[in-house]
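Novice: mmCIF, C-alpha atoms, saved as data-v5.cif, coming up:
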data_coords
loop_
_atom_site.label_atom_id
_atom_site.label_comp_id
_atom_site.auth_asym_id
_atom_site.auth_seq_id
_atom_site.Cartn_x
_atom_site.Cartn_y
_atom_site.Cartn_z
CA MET W 1 72.37 -79.25 -6.01
CA LYS W 2 74.29 -82.35 -4.89
CA LEU W 3 71.20 -84.52 -5.45
CA LYS W 4 70.82 -83.12 -8.94
CA ASN W 5 74.48 -83.84 -9.78
CA SER W 6 74.11 -87.39 -8.42
CA LYS W 7 71.11 -87.99 -10.67
CA ILE W 8 73.06 -86.70 -13.67
CA ILE W 9 75.99 -89.02 -12.87
CA ILE W 10 73.69 -92.05 -12.42
CA LEU W 11 71.83 -91.28 -15.65
CA SER W 12 75.13 -90.81 -17.50
CA PHE W 13 76.39 -94.15 -16.17
CA PHE W 14 73.27 -96.03 -17.27
CA SER W 15 73.41 -94.26 -20.65
CA LEU W 16 76.97 -95.51 -21.15
CA VAL W 17 75.96 -99.06 -20.17
CA VAL W 18 73.06 -99.02 -22.64
CA LEU W 19 75.31 -97.57 -25.35
CA PHE W 20 78.00 -100.20 -24.74
CA ASN W 21 75.47 -103.03 -24.86
CA TYR W 22 73.98 -101.64 -28.07
CA ILE W 23 77.40 -101.40 -29.71
CA SER W 24 78.38 -104.88 -28.52
CA TYR W 25 75.24 -106.59 -29.76
CA SER W 26 75.25 -104.70 -33.04
CA ASN W 27 78.95 -105.37 -33.69
CA PRO W 28 79.66 -109.07 -34.34
CA ILE W 29 83.42 -108.54 -34.08
CA LEU W 30 83.19 -107.53 -30.40
CA ILE W 31 80.81 -110.37 -29.62
CA ARG W 32 82.72 -113.11 -31.48
CA LEU W 33 86.31 -112.22 -30.59
CA SER W 34 85.89 -111.03 -27.01
CA LYS W 35 86.02 -114.59 -25.61
CA TRP W 36 89.47 -115.17 -27.16
CA MET W 37 91.04 -112.17 -25.40
CA LEU W 38 92.36 -114.28 -22.51
CA ARG W 39 93.46 -117.22 -24.68
CA LEU W 40 95.34 -115.51 -27.53
CA PRO W 41 97.66 -112.50 -27.89
CA LYS W 42 95.92 -109.33 -29.02
CA THR W 43 98.21 -109.20 -32.06
CA THR W 44 96.89 -112.60 -33.21
CA ILE W 45 93.25 -111.64 -32.73
CA VAL W 46 93.47 -108.49 -34.84
CA LYS W 47 95.38 -110.16 -37.70
CA THR W 48 93.63 -111.46 -40.82
CA ILE W 49 93.74 -115.23 -41.32
CA SER W 50 96.29 -114.85 -44.12
CA LYS W 51 98.76 -113.31 -41.64
CA ILE W 52 98.23 -115.76 -38.76
CA SER W 53 100.70 -118.62 -38.36
CA PHE W 54 99.44 -121.98 -37.13
CA LYS W 55 101.92 -121.85 -34.22
CA GLU W 56 100.11 -118.82 -32.83
CA LEU W 57 97.09 -121.06 -32.17
CA LYS W 58 99.02 -123.74 -30.28
CA PHE W 59 97.40 -122.89 -26.90
CA LEU W 60 93.93 -123.71 -28.26
CA THR W 61 92.42 -127.17 -28.55
CA LYS W 62 91.55 -128.57 -31.98
CA ALA W 63 87.85 -127.69 -31.54
CA GLU W 64 88.76 -124.16 -30.39
CA ARG W 65 91.06 -123.64 -33.37
CA VAL W 66 88.28 -124.66 -35.75
CA GLU W 67 85.83 -122.32 -33.99
CA PHE W 68 88.26 -119.37 -33.92
CA LEU W 69 89.21 -119.76 -37.61
CA LEU W 70 85.56 -119.94 -38.69
CA GLU W 71 84.67 -116.86 -36.65
CA LYS W 72 87.56 -114.95 -38.22
CA ALA W 73 86.49 -116.15 -41.67
CA TYR W 74 82.92 -115.01 -41.01
CA ILE W 75 84.08 -111.57 -39.89
CA GLU W 76 86.30 -111.26 -42.97
CA GLY W 77 83.35 -112.16 -45.18
CA ARG W 78 84.94 -115.41 -46.36
CA ILE W 79 82.05 -117.73 -45.48
CA ASN W 80 78.28 -117.57 -45.33
CA PRO W 81 77.11 -117.32 -41.67
CA ALA W 82 74.57 -120.07 -42.39
CA TYR W 83 77.47 -122.52 -42.93
CA VAL W 84 79.48 -121.71 -39.78
CA TYR W 85 77.88 -124.36 -37.54
CA ARG W 86 77.94 -126.97 -40.32
CA LEU W 87 81.62 -126.36 -41.09
CA ARG W 88 82.52 -126.43 -37.40
CA THR W 89 80.88 -129.85 -37.06
CA ILE W 90 82.56 -131.21 -40.22
CA TYR W 91 86.12 -130.04 -39.53
CA SER W 92 85.96 -130.95 -35.83
CA LYS W 93 85.30 -134.57 -36.86
CA ILE W 94 87.97 -134.75 -39.61
CA PRO W 95 91.40 -135.92 -38.35
CA ASN W 96 93.73 -132.88 -38.50
CA GLY W 97 90.66 -130.86 -39.53
CA ASP W 98 91.96 -127.72 -37.82
CA LYS W 99 95.16 -127.78 -39.91
CA PHE W 100 93.28 -128.41 -43.16
CA LEU W 101 90.78 -125.64 -42.39
CA TYR W 102 93.66 -123.28 -41.64
CA LEU W 103 95.38 -124.06 -44.98
CA CYS W 104 92.11 -123.66 -46.88
CA LEU W 105 91.10 -120.36 -45.29
CA LYS W 106 94.53 -118.84 -45.95
CA ASP W 107 93.80 -119.14 -49.68
CA LYS W 108 90.83 -117.15 -50.98
CA ALA W 109 90.40 -119.59 -53.88
CA CYS W 110 89.66 -122.47 -51.50
CA ASN W 111 86.04 -123.26 -50.63
CA PRO W 112 86.06 -124.94 -47.18
CA LEU W 113 82.78 -126.75 -47.81
CA LYS W 114 84.00 -128.34 -51.06
CA PHE W 115 87.48 -128.98 -49.66
CA ALA W 116 86.18 -131.01 -46.70
CA ASP W 117 85.85 -134.24 -48.71
CA LYS W 118 89.47 -134.00 -49.89
CA ALA W 119 90.70 -133.22 -46.39
CA ASN W 120 89.04 -136.41 -45.15
CA SER W 121 90.58 -138.58 -47.91
CA TRP W 122 93.28 -141.22 -47.41
CA VAL W 123 95.91 -139.42 -49.51
CA TYR W 124 95.48 -135.98 -47.89
CA GLN W 125 95.58 -137.54 -44.42
CA TYR W 126 98.79 -139.40 -45.33
CA ILE W 127 100.39 -136.14 -46.48
CA ILE W 128 99.46 -134.10 -43.40
CA GLN W 129 100.65 -136.90 -41.06
CA HIS W 130 104.03 -137.35 -42.77
CA TYR W 131 104.63 -133.71 -43.68
CA PRO W 132 102.96 -131.56 -41.00
CA ASN W 133 105.00 -128.45 -41.88
CA ILE W 134 102.93 -127.56 -44.95
CA GLY W 135 102.61 -123.80 -44.89
CA SER W 136 100.03 -123.03 -47.56
CA PHE W 137 97.16 -124.43 -49.59
CA ARG W 138 99.21 -123.78 -52.73
CA GLN W 139 102.03 -125.98 -51.43
CA LEU W 140 99.53 -128.73 -50.64
CA ASN W 141 98.27 -128.58 -54.24
CA GLN W 142 101.86 -128.71 -55.53
CA ILE W 143 102.49 -131.85 -53.47
CA ILE W 144 99.33 -133.48 -54.86
CA GLY W 145 100.30 -132.56 -58.44
CA ASP W 146 103.87 -133.85 -58.05
CA PHE W 147 102.60 -137.05 -56.44
CA ALA W 148 100.15 -137.66 -59.30
CA GLU W 149 102.99 -137.37 -61.86
CA ARG W 150 105.30 -139.69 -59.94
CA PHE W 151 102.55 -142.24 -59.43
CA LEU W 152 101.69 -142.09 -63.12
CA VAL W 153 105.27 -142.84 -64.21
CA LYS W 154 105.61 -145.72 -61.73
CA PHE W 155 102.29 -147.19 -62.84
CA PHE W 156 103.30 -147.39 -66.50
CA GLU W 157 106.90 -148.42 -65.82
CA ARG W 158 105.54 -151.45 -63.97
CA SER W 159 103.52 -152.17 -67.14
CA GLY W 160 106.66 -152.54 -69.26
CA TRP W 161 107.27 -148.98 -70.44
CA GLN W 162 110.53 -147.08 -70.10
CA CYS W 163 109.76 -143.50 -69.02
CA ILE W 164 112.30 -140.78 -69.83
CA ASN W 165 112.43 -137.09 -68.93
CA GLY W 166 109.73 -135.09 -70.69
CA LYS W 167 110.42 -131.67 -69.11
CA TYR W 168 112.51 -128.99 -70.82
CA ARG W 169 112.22 -126.19 -68.24
CA GLY W 170 110.86 -126.46 -64.70
CA ASN W 171 107.44 -128.05 -64.95
CA ASN W 172 107.03 -127.36 -68.69
CA GLY W 173 106.71 -130.40 -70.92
CA PHE W 174 105.10 -133.82 -70.53
CA ASP W 175 104.04 -135.35 -67.22
CA GLY W 176 105.07 -138.70 -68.66
CA LEU W 177 107.03 -139.60 -71.80
CA CYS W 178 107.36 -143.37 -72.13
CA ILE W 179 108.87 -145.52 -74.88
CA LYS W 180 109.50 -149.11 -75.93
CA THR W 181 112.58 -150.02 -77.93
CA ASN W 182 113.63 -152.95 -80.10
CA PHE W 183 116.66 -155.17 -79.61
CA TRP W 184 118.93 -152.52 -81.19
CA GLY W 185 117.68 -149.74 -78.95
CA LYS W 186 115.59 -147.99 -81.61
CA VAL W 187 112.31 -146.47 -80.39
CA GLU W 188 109.33 -148.44 -81.71
CA ASP W 189 106.45 -147.28 -79.53
CA VAL W 190 105.65 -143.99 -77.79
CA LEU W 191 103.20 -143.22 -75.00
CA ILE W 192 102.63 -139.62 -73.91
CA LEU W 193 100.91 -139.10 -70.56
CA GLU W 194 99.17 -136.23 -68.84
CA SER W 195 98.01 -136.40 -65.22
CA LYS W 196 95.31 -134.21 -63.71
CA ALA W 197 94.73 -134.24 -59.97
CA GLU W 198 91.23 -133.80 -58.58
CA ASN W 199 89.21 -131.38 -60.77
CA SER W 200 92.02 -129.97 -62.93
CA LEU W 201 91.34 -129.71 -66.67
CA LEU W 202 93.45 -129.81 -69.84
CA GLY W 203 94.62 -126.32 -70.68
CA LYS W 204 95.13 -124.31 -73.86
CA ALA W 205 98.30 -122.82 -75.30
CA GLN W 206 99.42 -120.98 -78.43
CA CYS W 207 99.99 -124.31 -80.14
CA GLY W 208 96.40 -125.40 -79.41
CA ARG W 209 94.71 -127.64 -76.85
CA GLN W 210 96.98 -129.42 -74.39
CA MET W 211 97.89 -132.93 -75.68
CA SER W 212 96.90 -132.04 -79.26
CA LYS W 213 99.33 -133.21 -81.95
CA ALA W 214 100.44 -129.62 -82.66
CA CYS W 215 101.38 -129.07 -78.99
CA ILE W 216 103.11 -132.45 -78.71
CA VAL W 217 105.23 -131.71 -81.80
CA SER W 218 106.08 -128.26 -80.39
CA ILE W 219 107.23 -129.71 -77.05
CA LEU W 220 109.30 -132.45 -78.71
CA GLU W 221 110.99 -129.87 -80.93
CA THR W 222 111.93 -127.90 -77.80
CA LEU W 223 113.14 -131.05 -76.04
CA SER W 224 115.48 -131.85 -78.94
CA SER W 225 116.78 -128.27 -79.26
CA LYS W 226 119.28 -126.11 -77.37
CA ASN W 227 116.35 -124.55 -75.49
CA ASN W 228 116.08 -127.70 -73.38
CA GLN W 229 117.49 -126.52 -70.04
CA GLU W 230 117.71 -130.10 -68.78
CA PHE W 231 120.69 -130.58 -71.12
CA GLN W 232 122.72 -128.35 -68.78
CA LYS W 233 122.64 -131.16 -66.22
CA GLN W 234 124.15 -133.66 -68.69
CA ASN W 235 127.62 -134.18 -70.13
CA TRP W 236 128.19 -133.83 -73.89
CA LEU W 237 127.74 -137.54 -74.59
CA GLU W 238 124.43 -137.71 -72.69
CA ARG W 239 123.21 -134.61 -74.52
CA ILE W 240 123.89 -136.17 -77.92
CA PHE W 241 122.08 -139.39 -76.92
CA SER W 242 119.08 -137.53 -75.46
CA ARG W 243 118.73 -135.20 -78.44
CA ASN W 244 118.78 -138.14 -80.89
CA ARG W 245 116.21 -140.00 -78.79
CA TYR W 246 113.81 -137.02 -78.80
CA LYS W 247 114.26 -136.72 -82.57
CA GLU W 248 113.34 -140.41 -82.96
CA ILE W 249 110.19 -139.85 -80.91
CA LEU W 250 109.34 -136.72 -82.90
CA GLU W 251 109.51 -138.63 -86.19
CA LEU W 252 107.14 -141.31 -84.87
CA VAL W 253 104.69 -138.64 -83.66
CA LYS W 254 104.72 -136.89 -87.04
CA LYS W 255 103.80 -140.25 -88.61
CA ASP W 256 100.97 -140.69 -86.05
CA ASN W 257 102.74 -143.72 -84.61
CA TYR W 258 102.18 -142.92 -80.92
CA ARG W 259 99.61 -143.12 -78.13
CA ARG W 260 98.23 -140.57 -75.66
CA ARG W 261 96.53 -141.05 -72.33
CA LEU W 262 94.99 -138.64 -69.82
CA ILE W 263 94.84 -139.99 -66.27
CA LYS W 264 92.58 -138.19 -63.81
CA PHE W 265 93.49 -138.81 -60.22
CA ARG W 266 90.82 -138.33 -57.53
CA SER W 267 91.26 -138.91 -53.80
CA THR W 268 88.56 -140.81 -51.92
CA PRO W 269 88.01 -141.51 -48.18
CA THR W 270 89.48 -145.01 -48.56
CA GLY W 271 92.01 -144.59 -51.38
CA ILE W 272 92.19 -143.25 -54.93
CA ARG W 273 90.11 -143.35 -58.08
CA LEU W 274 91.86 -143.41 -61.44
CA GLU W 275 90.04 -142.45 -64.63
CA ILE W 276 92.01 -143.32 -67.76
CA TYR W 277 91.09 -141.53 -70.99
CA LYS W 278 92.24 -142.20 -74.53
CA ILE W 279 93.04 -139.02 -76.48
CA GLU W 280 92.32 -138.79 -80.18
CA ASP W 281 92.83 -135.98 -82.69
CA ASN W 282 89.98 -133.69 -83.57
CA GLY W 283 91.91 -131.58 -86.05
CA LEU W 284 95.57 -130.59 -85.67
CA ARG W 285 95.07 -128.30 -82.66
CA ASN W 286 92.15 -129.96 -80.91
CA ILE W 287 91.42 -133.32 -79.30
CA LYS W 288 88.66 -135.75 -78.42
CA VAL W 289 88.74 -137.47 -75.02
CA VAL W 290 87.28 -140.98 -74.65
CA LYS W 291 86.96 -142.71 -71.26
CA GLU W 292 88.80 -146.03 -71.39
CA GLU W 293 88.95 -147.41 -67.84
CA VAL W 294 88.08 -146.57 -64.22
CA ILE W 295 90.02 -148.06 -61.30
CA ASN W 296 88.77 -147.72 -57.72
CA THR W 297 91.10 -148.73 -54.90
CA ASN W 298 90.78 -149.31 -51.17
CA LEU W 299 94.07 -148.34 -49.54
CA LEU W 300 92.62 -148.02 -46.06
CA ILE W 301 91.92 -151.77 -45.80
CA PRO W 302 93.59 -153.39 -48.86
CA THR W 303 92.16 -156.89 -49.21
CA THR W 304 92.66 -157.66 -52.92
CA LYS W 305 95.92 -158.02 -54.85
CA GLN W 306 95.05 -154.91 -56.85
CA ASP W 307 94.55 -152.81 -53.70
CA LYS W 308 97.83 -154.05 -52.18
CA TYR W 309 99.66 -153.34 -55.46
CA PHE W 310 98.28 -149.82 -55.68
CA LYS W 311 98.97 -149.11 -52.02
CA THR W 312 102.65 -149.93 -52.58
CA LEU W 313 102.79 -147.64 -55.62
CA VAL W 314 100.96 -144.80 -53.87
CA GLU W 315 103.11 -144.95 -50.72
CA GLU W 316 106.35 -145.08 -52.75
CA SER W 317 105.23 -142.08 -54.83
CA LEU W 318 104.09 -140.10 -51.79
CA LYS W 319 107.32 -140.80 -49.91
CA GLU W 320 109.46 -139.63 -52.85
CA THR W 321 107.31 -136.52 -53.27
CA LEU W 322 107.47 -135.55 -49.59
CA ASP W 323 111.23 -136.22 -49.42
CA ASN W 324 111.68 -133.94 -52.41
CA PHE W 325 109.63 -131.13 -50.81
CA SER W 326 111.47 -131.53 -47.50
CA LYS W 327 114.77 -130.76 -49.26
CA LYS W 328 113.47 -127.51 -50.78
#
Any chance you could put this one into structure tokens?

Specialist:
Amino acid sequence: MKLKNSKIIILSFFSLVVLFNYISYSNPILIRLSKWMLRLPKTTIVKTISKISFKELKFLTKAERVEFLLEKAYIEGRINPAYVYRLRTIYSKIPNGDKFLYLCLKDKACNPLKFADKANSWVYQYIIQHYPNIGSFRQLNQIIGDFAERFLVKFFERSGWQCINGKYRGNNGFDGLCIKTNFWGKVEDVLILESKAENSLLGKAQCGRQMSKACIVSILETLSSKNNQEFQKQNWLERIFSRNRYKEILELVKKDNYRRRLIKFRSTPTGIRLEIYKIEDNGLRNIKVVKEEVINTNLLIPTTKQDKYFKTLVEESLKETLDNFSKK
């Protein structure tokens, strides 16, 4: 009887071992996350990437952070398993690659394979080095967008234009509104600018296509009206001056005496690439975009006067942008 019971116990034990091995090898979560049990708190391991803070991974090395994040992303169905090894190799080589991968994976709209080139660019590396407390991919995009606008204004101001405020509420309005005046201070020339960072496109609104004459007139009418919230920051004399200036600009636009430019900003491993487009009317509510100039810069090793000039502009714009975000 005792021998029979012993056999039953032994068989039961081996059955449990086989069952455990089967479950382990058929369940990728147990296989992939078991090795992190001694390195990370259990609460961190069971969280989704969107709920994990970067500080929770501080006890891991850079390579381990990349590996852990990719395994979590695979388990959550965020990435194709065929790309795991490739992504691990790419982000392990990129400076601050673990931080960039973390920011990307926290946002479901971010594709880590496509984002890798941006993460390895001069501008993105500058941002992460000088502002390491970025908490989200969305915030990173906001910094890039704000930087592009600031750079745009500085670029044209150095070319002899006077750029004035073109926003009437928050980020609504023009990215750049620049003018030239005569000896008496009357506006004689108008340049309206729109910046697009990376792969962003011109949008559409009720007034028509962004940067169309109809939309420009609509924005200028708002800028010169009581709906302009920026007037609240001014005294009564400044409000009168600003309103009259916007009305001057509006009259020139209605007479087609103005210019429009779209500047596409793209980050590269060694600097930035600027694509300047001339915008023409294609009906009242639509536009035609014509490429005018392309400027490639090397900010990593600036050897020409142009590269040194652009590096100064870029660094000034980035510093102002990051200082502004640090105060928020």

Novice: Could you pull the residues within 10 Å of Ile128 in chain W, counting all atoms listed in the file, minus those fewer than 5 positions along the same chain, as an mmCIF file with C-alpha atoms, in the coordinates of the input?

Specialist:
data_model
loop_
_atom_site.group_PDB
_atom_site.id
_atom_site.type_symbol
_atom_site.label_atom_id
_atom_site.label_comp_id
_atom_site.auth_asym_id
_atom_site.auth_seq_id
_atom_site.Cartn_x
_atom_site.Cartn_y
_atom_site.Cartn_z
ATOM 1 C CA PRO W 95 91.400 -135.920 -38.350
ATOM 2 C CA ASN W 96 93.730 -132.880 -38.500
ATOM 3 C CA LYS W 99 95.160 -127.780 -39.910
ATOM 4 C CA PHE W 100 93.280 -128.410 -43.160
ATOM 5 C CA ALA W 119 90.700 -133.220 -46.390
ATOM 6 C CA VAL W 123 95.910 -139.420 -49.510
ATOM 7 C CA ASN W 133 105.000 -128.450 -41.880
ATOM 8 C CA ILE W 134 102.930 -127.560 -44.950
ATOM 9 C CA LEU W 140 99.530 -128.730 -50.640
#

Novice: Apply the PyMOL selection byres ((chain W and resi 92) around 12) to the displayed file and report the matching residues as a tab-separated table (two decimals) with C-alpha atoms, in the coordinates of the input.

Specialist:
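Contents of result_19.tsv, as written:
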chain	number	residue	atom	x	y	z
W	61	THR	CA	92.42	-127.17	-28.55
W	62	LYS	CA	91.55	-128.57	-31.98
W	63	ALA	CA	87.85	-127.69	-31.54
W	64	GLU	CA	88.76	-124.16	-30.39
W	65	ARG	CA	91.06	-123.64	-33.37
W	66	VAL	CA	88.28	-124.66	-35.75
W	67	GLU	CA	85.83	-122.32	-33.99
W	68	PHE	CA	88.26	-119.37	-33.92
W	69	LEU	CA	89.21	-119.76	-37.61
W	70	LEU	CA	85.56	-119.94	-38.69
W	84	VAL	CA	79.48	-121.71	-39.78
W	85	TYR	CA	77.88	-124.36	-37.54
W	86	ARG	CA	77.94	-126.97	-40.32
W	87	LEU	CA	81.62	-126.36	-41.09
W	88	ARG	CA	82.52	-126.43	-37.40
W	89	THR	CA	80.88	-129.85	-37.06
W	90	ILE	CA	82.56	-131.21	-40.22
W	91	TYR	CA	86.12	-130.04	-39.53
W	93	LYS	CA	85.30	-134.57	-36.86
W	94	ILE	CA	87.97	-134.75	-39.61
W	95	PRO	CA	91.40	-135.92	-38.35
W	96	ASN	CA	93.73	-132.88	-38.50
W	97	GLY	CA	90.66	-130.86	-39.53
W	98	ASP	CA	91.96	-127.72	-37.82
W	99	LYS	CA	95.16	-127.78	-39.91
W	100	PHE	CA	93.28	-128.41	-43.16
W	101	LEU	CA	90.78	-125.64	-42.39
W	116	ALA	CA	86.18	-131.01	-46.70
W	119	ALA	CA	90.70	-133.22	-46.39
W	120	ASN	CA	89.04	-136.41	-45.15

Novice: Mind pulling up the distance from CA of Gly283 in chain W to CA of Met211 in chain W?

Specialist: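 Taking CA of Met211 in chain W and CA of Gly283 in chain W, their separation equals 12.0 Å.
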
Novice: Record the distance separating CA of Asn298 in chain W and CA of Ser136 in chain W, expressed in Å with one decimal.

Specialist: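 Between these atoms lies a distance of 28.1 Å.
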
Novice: Figure out the distance between CA of Cys104 in chain W and CA of Lys42 in chain W, please, to one decimal in Å.

Specialist: 23.2 Å

Novice: Taking the file as shown, what set of residues would the PyMOL selection byres ((chain W and resi 249) around 12) give back, as a PyMOL selection string?

Specialist: chain W and resi 164+166+177-181+186-192+216-217+219-221+223-224+242-248+250-259

Novice: From the options W:Phe54, W:Tyr74, W:Tyr309, W:Phe147, which residue's atoms come nearest to Phe325 in chain W, counting only C-alpha atoms?

Specialist: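 Once distances to Phe325 in chain W are computed over only C-alpha atoms, the minimum belongs to W:Phe147.
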
Novice: Near Val290 in chain W, within 7 Å and counting only C-alpha atoms, which residues show up once chain neighbours fewer than 6 positions away are dropped, as a list in words?

Specialist: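 Those residues are Tyr277, Lys278 and Ile279 of chain W.
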
Novice: Would you export the selected residues with C-alpha atoms as a compact mmCIF listing (two decimals), keeping the file's coordinate frame, please?

Specialist:
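Ended up saving to out-v1.txt:
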# COMPACT_ATOMS: atom_id res chain seq x y z
CA TYR W 277 91.09 -141.53 -70.99
CA LYS W 278 92.24 -142.20 -74.53
CA ILE W 279 93.04 -139.02 -76.48

Novice: List the neighbours of Lys264 in chain W out to 12 Å using all atoms listed in the file; skip same-chain residues closer than 2 positions along the sequence, and give me the result as number ranges by chain.

Specialist: W: 145, 148-149, 151-152, 193-202, 261-262, 266-267, 272-278, 289, 291-296

Novice: For Arg158 in chain W, which residue out of W:Thr321, W:Thr222, W:Gln232, W:Thr312 is the nearest one, using only C-alpha atoms?

Specialist: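 For Arg158 in chain W, the nearest of the candidates is W:Thr312.
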
Novice: Expand the PyMOL selection byres ((chain W and resi 282) around 12) into the individual residues it matches in the shown file, reporting them as a PyMOL selection string.

Specialist: chain W and resi 208-209+211-214+279-281+283-290

Novice: Pick from W:Ser218, W:Asn227, W:Thr268, W:Thr304: nearest to Lys118 in chain W, with all atoms listed in the file counted?

Specialist: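 Using all atoms listed in the file, Lys118 in chain W sits closest to W:Thr268.
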
Novice: From the options W:Asn172, W:Phe231, W:Lys114, W:Lys108, which residue's atoms come nearest to Tyr83 in chain W, counting all atoms listed in the file?

Specialist: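 Smallest separation from Tyr83 in chain W among the options: W:Lys114.
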
Novice: Smallest atom-to-atom distance to Ser326 in chain W: which of W:His130, W:Arg78, W:Lys58, W:Lys35, using all atoms listed in the file?

Specialist: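 Going through W:His130, W:Arg78, W:Lys58, W:Lys35 one by one, the smallest distance to Ser326 in chain W is for W:His130.
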
Novice: Can you take the partial range 250-261 of chain W, add N, CA and C atoms, and return it as a tab-separated table (two decimals), keeping the file's coordinate frame?

Specialist:
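The resulting file, rebuild-v4.tsv, is shown below:
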chain	number	residue	atom	x	y	z
W	250	LEU	N	110.01	-137.75	-82.09
W	250	LEU	CA	109.34	-136.72	-82.90
W	250	LEU	C	108.95	-137.27	-84.27
W	251	GLU	N	109.81	-138.05	-84.88
W	251	GLU	CA	109.51	-138.63	-86.19
W	251	GLU	C	108.33	-139.59	-86.12
W	252	LEU	N	108.27	-140.39	-85.04
W	252	LEU	CA	107.14	-141.31	-84.87
W	252	LEU	C	105.83	-140.54	-84.67
W	253	VAL	N	105.89	-139.46	-83.91
W	253	VAL	CA	104.69	-138.64	-83.66
W	253	VAL	C	104.19	-138.02	-84.96
W	254	LYS	N	105.10	-137.51	-85.76
W	254	LYS	CA	104.72	-136.89	-87.04
W	254	LYS	C	104.05	-137.90	-87.97
W	255	LYS	N	104.41	-139.19	-87.79
W	255	LYS	CA	103.80	-140.25	-88.61
W	255	LYS	C	102.57	-140.85	-87.93
W	256	ASP	N	102.13	-140.23	-86.84
W	256	ASP	CA	100.97	-140.69	-86.05
W	256	ASP	C	101.18	-142.07	-85.44
W	257	ASN	N	102.43	-142.43	-85.20
W	257	ASN	CA	102.74	-143.72	-84.61
W	257	ASN	C	103.04	-143.53	-83.11
W	258	TYR	N	102.02	-143.15	-82.36
W	258	TYR	CA	102.18	-142.92	-80.92
W	258	TYR	C	100.81	-143.00	-80.25
W	259	ARG	N	100.84	-143.05	-78.91
W	259	ARG	CA	99.61	-143.12	-78.13
W	259	ARG	C	99.60	-142.02	-77.07
W	260	ARG	N	98.39	-141.60	-76.69
W	260	ARG	CA	98.23	-140.57	-75.66
W	260	ARG	C	97.19	-141.02	-74.64
W	261	ARG	N	97.48	-140.73	-73.39
W	261	ARG	CA	96.53	-141.05	-72.33
W	261	ARG	C	96.46	-139.90	-71.32
